[in-house]
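Text of the file entry_14.csv, holding CSV, C-alpha atoms and all ligand atoms:
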```csv
chain,number,residue,atom,x,y,z
Z,1,MET,CA,100.3,154.7,204.8
Z,2,LYS,CA,97.8,157.4,205.8
Z,3,PHE,CA,95.2,156.7,208.5
Z,4,PHE,CA,91.7,158.0,207.9
Z,5,ILE,CA,88.8,157.3,210.3
Z,6,ASP,CA,85.5,156.1,208.7
Z,7,THR,CA,82.8,157.8,210.8
Z,8,ALA,CA,80.7,160.9,211.2
Z,9,ASN,CA,80.8,160.7,215.0
Z,10,LEU,CA,82.6,163.8,216.3
Z,11,ALA,CA,83.6,162.2,219.6
Z,12,GLN,CA,85.3,159.3,217.8
Z,13,ILE,CA,87.0,161.7,215.3
Z,14,LYS,CA,88.3,163.7,218.3
Z,15,GLU,CA,89.6,160.6,220.1
Z,16,ALA,CA,91.4,159.4,216.9
Z,17,ASN,CA,92.8,162.8,216.3
Z,18,ASP,CA,94.1,163.1,219.8
Z,19,LEU,CA,96.2,160.0,219.2
Z,20,GLY,CA,98.2,162.1,216.8
Z,21,ILE,CA,98.2,159.6,214.0
Z,22,LEU,CA,95.0,160.7,212.1
Z,23,ASP,CA,95.4,162.0,208.5
Z,24,GLY,CA,91.8,162.4,207.5
Z,25,VAL,CA,88.2,161.4,207.7
Z,26,THR,CA,85.8,159.6,205.4
Z,27,THR,CA,82.0,159.8,205.7
Z,28,ASN,CA,79.1,158.4,203.7
Z,29,PRO,CA,75.3,159.0,203.7
Z,30,SER,CA,74.8,156.0,205.9
Z,31,LEU,CA,77.3,157.2,208.5
Z,32,MET,CA,75.7,160.7,208.5
Z,33,ALA,CA,72.3,159.1,209.0
Z,34,LYS,CA,73.7,157.0,211.9
Z,35,GLU,CA,74.6,160.2,213.7
Z,36,GLY,CA,71.1,161.6,213.1
Z,37,ILE,CA,72.4,164.4,210.8
Z,38,LYS,CA,69.3,165.4,208.6
Z,39,GLY,CA,68.7,168.1,206.1
Z,40,GLU,CA,71.2,169.9,203.8
Z,41,GLU,CA,72.0,172.7,206.3
Z,42,ALA,CA,72.8,170.3,209.1
Z,43,VAL,CA,74.9,168.0,206.8
Z,44,LEU,CA,77.0,170.9,205.5
Z,45,LYS,CA,77.5,172.2,209.1
Z,46,HIS,CA,78.6,168.8,210.2
Z,47,TYR,CA,81.3,168.6,207.5
Z,48,VAL,CA,82.6,172.0,208.7
Z,49,ASP,CA,82.6,170.7,212.3
Z,50,ILE,CA,84.7,167.7,211.2
Z,51,CYS,CA,87.1,169.9,209.2
Z,52,ASN,CA,87.6,172.0,212.4
Z,53,ILE,CA,88.7,168.9,214.3
Z,54,VAL,CA,91.1,167.3,211.8
Z,55,ASP,CA,93.7,168.9,209.7
Z,56,GLY,CA,93.5,166.5,206.8
Z,57,ASP,CA,91.3,165.4,203.9
Z,58,VAL,CA,87.6,165.0,204.7
Z,59,SER,CA,85.5,163.0,202.2
Z,60,ALA,CA,82.0,164.4,201.7
Z,61,GLU,CA,79.8,162.3,199.5
Z,62,VAL,CA,77.4,163.6,196.8
Z,63,ILE,CA,73.8,162.2,196.8
Z,64,SER,CA,73.1,163.0,193.1
Z,65,THR,CA,73.6,160.4,190.5
Z,66,ASP,CA,73.5,162.6,187.4
Z,67,TYR,CA,76.4,164.7,186.1
Z,68,ALA,CA,74.8,168.1,186.6
Z,69,GLY,CA,73.6,167.3,190.1
Z,70,MET,CA,77.0,165.9,191.1
Z,71,ILE,CA,78.8,169.0,189.8
Z,72,ALA,CA,76.4,171.4,191.6
Z,73,GLU,CA,76.6,169.4,194.9
Z,74,GLY,CA,80.4,168.8,194.7
Z,75,GLU,CA,81.1,172.5,194.1
Z,76,LYS,CA,79.0,173.4,197.1
Z,77,LEU,CA,80.8,170.8,199.3
Z,78,ALA,CA,84.3,171.8,198.0
Z,79,ALA,CA,83.5,175.5,198.9
Z,80,LEU,CA,82.9,174.6,202.6
Z,81,HIS,CA,86.6,174.1,203.5
Z,82,LYS,CA,89.9,173.6,201.8
Z,83,ASN,CA,90.2,170.0,203.1
Z,84,ILE,CA,86.9,168.7,201.6
Z,85,VAL,CA,87.4,165.9,199.1
Z,86,VAL,CA,84.3,165.3,196.9
Z,87,LYS,CA,83.3,161.7,197.2
Z,88,ILE,CA,81.7,160.4,194.0
Z,89,PRO,CA,80.2,157.0,193.2
Z,90,MET,CA,81.7,154.7,190.6
Z,91,ILE,CA,79.1,155.2,187.9
Z,92,LYS,CA,79.2,156.6,184.4
Z,93,ASP,CA,78.3,160.1,185.3
Z,94,GLY,CA,80.6,159.9,188.3
Z,95,ILE,CA,83.6,159.3,186.1
Z,96,LYS,CA,82.7,162.4,184.1
Z,97,ALA,CA,82.3,164.4,187.3
Z,98,ILE,CA,85.6,163.2,188.6
Z,99,LYS,CA,87.3,164.3,185.3
Z,100,TYR,CA,85.6,167.7,185.7
Z,101,PHE,CA,86.7,168.2,189.4
Z,102,THR,CA,90.2,167.1,188.5
Z,103,SER,CA,90.4,169.8,185.8
Z,104,LYS,CA,89.3,172.3,188.4
Z,105,GLY,CA,91.9,171.2,190.9
Z,106,ILE,CA,89.2,169.8,193.3
Z,107,LYS,CA,90.2,166.6,195.1
Z,108,THR,CA,87.9,163.5,194.6
Z,109,ASN,CA,87.4,160.1,196.2
Z,110,CYS,CA,85.8,157.6,193.9
Z,111,THR,CA,83.8,155.3,196.1
Z,112,LEU,CA,82.2,151.9,195.8
Z,113,ILE,CA,85.0,150.3,193.9
Z,114,PHE,CA,84.8,146.5,193.6
Z,115,SER,CA,86.9,145.6,190.6
Z,116,ALA,CA,90.3,146.4,189.0
Z,117,GLY,CA,88.5,147.7,185.9
Z,118,GLN,CA,86.7,150.3,188.0
Z,119,ALA,CA,90.0,151.3,189.6
Z,120,ILE,CA,91.6,151.8,186.2
Z,121,LEU,CA,88.7,154.0,185.0
Z,122,ALA,CA,88.8,156.1,188.2
Z,123,ALA,CA,92.6,156.6,187.9
Z,124,LYS,CA,92.2,157.6,184.2
Z,125,ALA,CA,89.7,160.3,185.2
Z,126,GLY,CA,92.2,161.6,187.7
Z,127,ALA,CA,90.6,160.6,191.1
Z,128,THR,CA,92.7,161.7,194.0
Z,129,TYR,CA,91.6,158.6,196.0
Z,130,ILE,CA,89.9,155.4,194.9
Z,131,SER,CA,88.0,153.4,197.5
Z,132,PRO,CA,87.9,149.6,197.1
Z,133,PHE,CA,85.6,148.1,199.8
Z,134,VAL,CA,87.5,145.3,201.3
Z,135,GLY,CA,85.0,144.1,204.0
Z,136,ARG,CA,82.0,144.1,201.7
Z,137,LEU,CA,83.9,141.9,199.2
Z,138,ASP,CA,85.0,139.5,202.0
Z,139,ASP,CA,81.3,139.4,203.0
Z,140,ILE,CA,80.4,137.8,199.7
Z,141,SER,CA,83.3,135.4,199.7
Z,142,PHE,CA,85.7,137.4,197.4
Z,143,ASP,CA,89.1,138.3,198.9
Z,144,GLY,CA,89.0,142.0,199.3
Z,145,MET,CA,92.7,142.2,200.0
Z,146,GLU,CA,93.5,140.5,196.7
Z,147,LEU,CA,91.7,143.3,195.0
Z,148,ILE,CA,93.9,145.9,196.8
Z,149,ALA,CA,97.0,144.0,195.8
Z,150,GLN,CA,95.9,143.8,192.2
Z,151,ILE,CA,95.1,147.5,192.0
Z,152,ALA,CA,98.4,148.4,193.7
Z,153,HIS,CA,100.3,146.3,191.1
Z,154,ILE,CA,98.4,147.8,188.1
Z,155,TYR,CA,98.9,151.4,189.4
Z,156,GLN,CA,102.6,150.8,189.9
Z,157,VAL,CA,103.0,149.2,186.4
Z,158,GLN,CA,101.0,152.0,184.7
Z,159,GLY,CA,102.3,154.9,186.9
Z,160,TYR,CA,98.7,156.0,187.9
Z,161,GLU,CA,98.8,158.6,190.5
Z,162,SER,CA,95.4,158.0,192.3
Z,163,GLN,CA,95.9,156.9,195.9
Z,164,ILE,CA,94.4,153.5,196.9
Z,165,LEU,CA,92.2,154.1,199.9
Z,166,ALA,CA,91.3,150.7,201.4
Z,167,ALA,CA,87.8,151.1,202.7
Z,168,SER,CA,85.2,149.0,204.4
Z,169,ILE,CA,87.9,147.9,206.9
Z,170,ARG,CA,86.4,145.5,209.5
Z,171,ASN,CA,89.4,144.5,211.7
Z,172,PRO,CA,93.1,145.2,212.5
Z,173,ILE,CA,94.3,142.5,210.1
Z,174,HIS,CA,92.7,144.4,207.2
Z,175,ILE,CA,94.8,147.4,208.2
Z,176,ILE,CA,98.1,145.4,208.5
Z,177,LYS,CA,97.4,143.6,205.2
Z,178,SER,CA,96.6,146.9,203.4
Z,179,ALA,CA,100.0,148.2,204.5
Z,180,GLU,CA,101.6,145.0,203.3
Z,181,VAL,CA,100.1,145.0,199.8
Z,182,GLY,CA,100.6,148.7,199.1
Z,183,ALA,CA,97.5,150.7,200.0
Z,184,HIS,CA,98.3,154.4,200.3
Z,185,VAL,CA,95.5,155.0,202.8
Z,186,ILE,CA,93.2,153.0,205.0
Z,187,THR,CA,89.9,154.3,206.3
Z,188,SER,CA,88.7,152.4,209.4
Z,189,PRO,CA,86.3,152.5,212.3
Z,190,LEU,CA,88.0,153.6,215.6
Z,191,SER,CA,87.7,150.1,217.0
Z,192,SER,CA,90.0,148.6,214.4
Z,193,ILE,CA,92.6,151.4,214.8
Z,194,LEU,CA,92.6,150.9,218.6
Z,195,ALA,CA,92.9,147.1,218.2
Z,196,LEU,CA,96.3,147.6,216.6
Z,197,LEU,CA,97.5,148.8,220.1
Z,198,LYS,CA,96.7,145.5,221.7
Z,199,HIS,CA,99.0,142.6,222.6
Z,200,PRO,CA,98.7,140.4,225.7
Z,201,LEU,CA,102.5,140.3,226.1
Z,202,THR,CA,102.6,144.1,226.1
Z,203,ASP,CA,100.0,144.1,228.9
Z,204,SER,CA,101.7,141.3,231.0
Z,205,GLY,CA,105.2,142.8,230.4
Z,206,LEU,CA,104.1,146.3,231.5
Z,207,ALA,CA,102.4,144.8,234.6
Z,208,GLN,CA,105.6,143.0,235.5
Z,209,PHE,CA,107.8,146.1,235.0
Z,210,LEU,CA,105.5,148.2,237.2
Z,211,ALA,CA,105.3,145.5,239.9
Z,212,ASP,CA,109.1,145.1,240.0
Z,213,HIS,CA,109.6,148.9,240.2
Z,214,ALA,CA,107.1,149.0,243.1
Z,215,LYS,CA,108.9,146.2,244.9
Z,216,SER,CA,112.4,147.8,244.6
Z,217,ASN,CA,111.1,151.3,245.5
Z,218,ASN,CA,109.2,150.4,248.7
K,1,LIG,C1,84.2,154.2,202.5
K,1,LIG,O1,84.6,155.4,202.4
K,1,LIG,C2,83.0,153.8,203.2
K,1,LIG,O2,82.5,154.9,203.9
K,1,LIG,C3,83.1,152.7,204.1
K,1,LIG,O3,84.4,152.3,204.3
K,1,LIG,C4,82.1,151.6,204.0
K,1,LIG,O4,82.3,150.7,205.0
K,1,LIG,P1,81.2,149.6,205.4
K,1,LIG,O5,81.3,148.5,204.4
K,1,LIG,O6,81.6,149.1,206.7
K,1,LIG,O7,79.9,150.3,205.4
```
Taking this structure as input, can you express it in the form of structure tokens?
Ligand code: E4P
Amino acid sequence: MKFFIDTANLAQIKEANDLGILDGVTTNPSLMAKEGIKGEEAVLKHYVDICNIVDGDVSAEVISTDYAGMIAEGEKLAALHKNIVVKIPMIKDGIKAIKYFTSKGIKTNCTLIFSAGQAILAAKAGATYISPFVGRLDDISFDGMELIAQIAHIYQVQGYESQILAASIRNPIHIIKSAEVGAHVITSPLSSILALLKHPLTDSGLAQFLADHAKSNN
């Protein structure tokens, strides 16, 4: 399973990349706004900055919601760097745009997936990645992980090639469960990735080893 980080914060992207386990980055307009990145020029430069840190797929989201706008925006984004993946919302014109970019060999990430039907349509259009939002489903009392498992099953039965990118990850259990049910990728905040490191028995065991070593070497 690939690990993407879900942020536009360059320091956090560097920290995750330095761990040596990072395969890519996802961003969205809210994450860009959170970093105070405003205006087209600044947004485009920020994507290039991210691509210069991580050698992996970087999702850059279009703002347009009409077909022509998404094509124009997506082509501009894709021209920025070979690792840019054009992120497109799951709407009618978005499906048409994904089909267009697929025919041009440009990678896409179909975002805001909340049902198996949407995942089937995105796969039919040839999306490279499809992003079901686990945490946002959990927030409204639907089991986000059940959706990931359902999509994984459908894709396996049908032989669809789109990669399931479990998004809206909120905790380390979401990452572990995503691996268990067959997600190809997770995109997560740095905090949930780092939380995977933690176990109290690791901490106490290491403290004991170091204490015993100190005793026998003094
Ligand atoms: C996916 O690519 C989105 O950027 C993201 O995972 C949304 O997460 P949120 O629900 O925490 O905003």
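The residue that comes closest to Ala179 of chain Z, out of Z:Ile148, Z:Leu206, Z:Leu112, Z:Val54 and on the basis of only C-alpha atoms, is Z:Ile148.
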Taking only C-alpha atoms and all ligand atoms into account, produce a table as a tab-separated table in which each residue of chain Z with an atom at most 9 Å from an atom of ligand LIG 1 (chain K) appears once, together with its shortest atom pair and the distance in Å to one decimal, ordered by chain and rising number.
```
residue	atom	partner	partner_atom	distance
Z:Ile5	CA	K:LIG1	O3	9.0
Z:Asp6	CA	K:LIG1	O2	5.8
Z:Thr7	CA	K:LIG1	O2	7.5
Z:Val25	CA	K:LIG1	O1	8.8
Z:Thr26	CA	K:LIG1	O1	5.3
Z:Thr27	CA	K:LIG1	O2	5.2
Z:Asn28	CA	K:LIG1	O2	4.9
Z:Pro29	CA	K:LIG1	O2	8.3
Z:Ser30	CA	K:LIG1	O7	7.7
Z:Leu31	CA	K:LIG1	O2	7.3
Z:Ser59	CA	K:LIG1	O1	7.7
Z:Glu61	CA	K:LIG1	O1	8.9
Z:Lys87	CA	K:LIG1	O1	8.3
Z:Asn109	CA	K:LIG1	O1	8.3
Z:Cys110	CA	K:LIG1	O1	8.9
Z:Thr111	CA	K:LIG1	O1	6.4
Z:Leu112	CA	K:LIG1	C1	7.4
Z:Ser131	CA	K:LIG1	O1	6.3
Z:Pro132	CA	K:LIG1	C1	8.0
Z:Phe133	CA	K:LIG1	O3	6.3
Z:Val134	CA	K:LIG1	O5	7.6
Z:Gly135	CA	K:LIG1	O5	5.8
Z:Arg136	CA	K:LIG1	O5	5.2
Z:Leu137	CA	K:LIG1	O5	8.8
Z:Leu165	CA	K:LIG1	O1	8.1
Z:Ala166	CA	K:LIG1	O3	7.7
Z:Ala167	CA	K:LIG1	O3	3.9
Z:Ser168	CA	K:LIG1	O3	3.4
Z:Ile169	CA	K:LIG1	O3	6.2
Z:Arg170	CA	K:LIG1	O6	6.6
Z:Ile186	CA	K:LIG1	O3	8.9
Z:Thr187	CA	K:LIG1	O3	6.2
Z:Ser188	CA	K:LIG1	O3	6.7
Z:Pro189	CA	K:LIG1	O6	8.1
```
### Query
Which value, in Å to one decimal, gives the distance between atom CA of Asp57 of chain Z and atom CA of Asp143 of chain Z?
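Pair atom CA of Asp57 of chain Z / atom CA of Asp143 of chain Z returns 27.6 Å.
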### Task
Could you tell me how far atom CA of Ala122 of chain Z lies from atom CA of Val58 of chain Z, in Å and to one decimal?
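Atom-to-atom, atom CA of Ala122 of chain Z to atom CA of Val58 of chain Z, that is 18.8 Å.
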### Query
So how far away is atom CA of Lys177 of chain Z from atom CA of His199 of chain Z, in Å?
17.5 Å
### Query
Counting all atoms listed in the file, which of Z:Met1, Z:Ala78, Z:Ile21, Z:Met90 gets nearest to Ala123 of chain Z?
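The closest residue to Ala123 of chain Z is Z:Met90.
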### Task
May I ask which of the residues Z:Ala152, Z:Ala127, Z:Ala42, Z:Leu210 is the closest one to Ile88 of chain Z, counting only C-alpha atoms?
Z:Ala127
### Task
Give the answer as one residue: which of Z:Asp212, Z:Val185, Z:Asp203, Z:His174 has the shortest atom-to-atom distance to Asp138 of chain Z, using only C-alpha atoms?
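For Asp138 of chain Z, the nearest of the candidates is Z:His174.
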### Task
Show me as a list of chain:residue names the residues that reach within 12 Å of (89.1, 171.3, 187.6), counting all atoms listed in the file and using the file's own coordinates.
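Those residues, ordered by chain and then number, are Z:Ile71, Z:Gly74, Z:Glu75, Z:Ala78, Z:Lys96, Z:Ala97, Z:Ile98, Z:Lys99, Z:Tyr100, Z:Phe101, Z:Thr102, Z:Ser103, Z:Lys104, Z:Gly105, Z:Ile106, Z:Lys107, Z:Thr108, Z:Ala125, Z:Gly126, Z:Ala127.
Remark: for Gly144 of chain Z, the closest of the candidate residues Z:Ile113, Z:His46, Z:Glu41, Z:Val86 is Z:Ile113 (distances computed over all atoms listed in the file).
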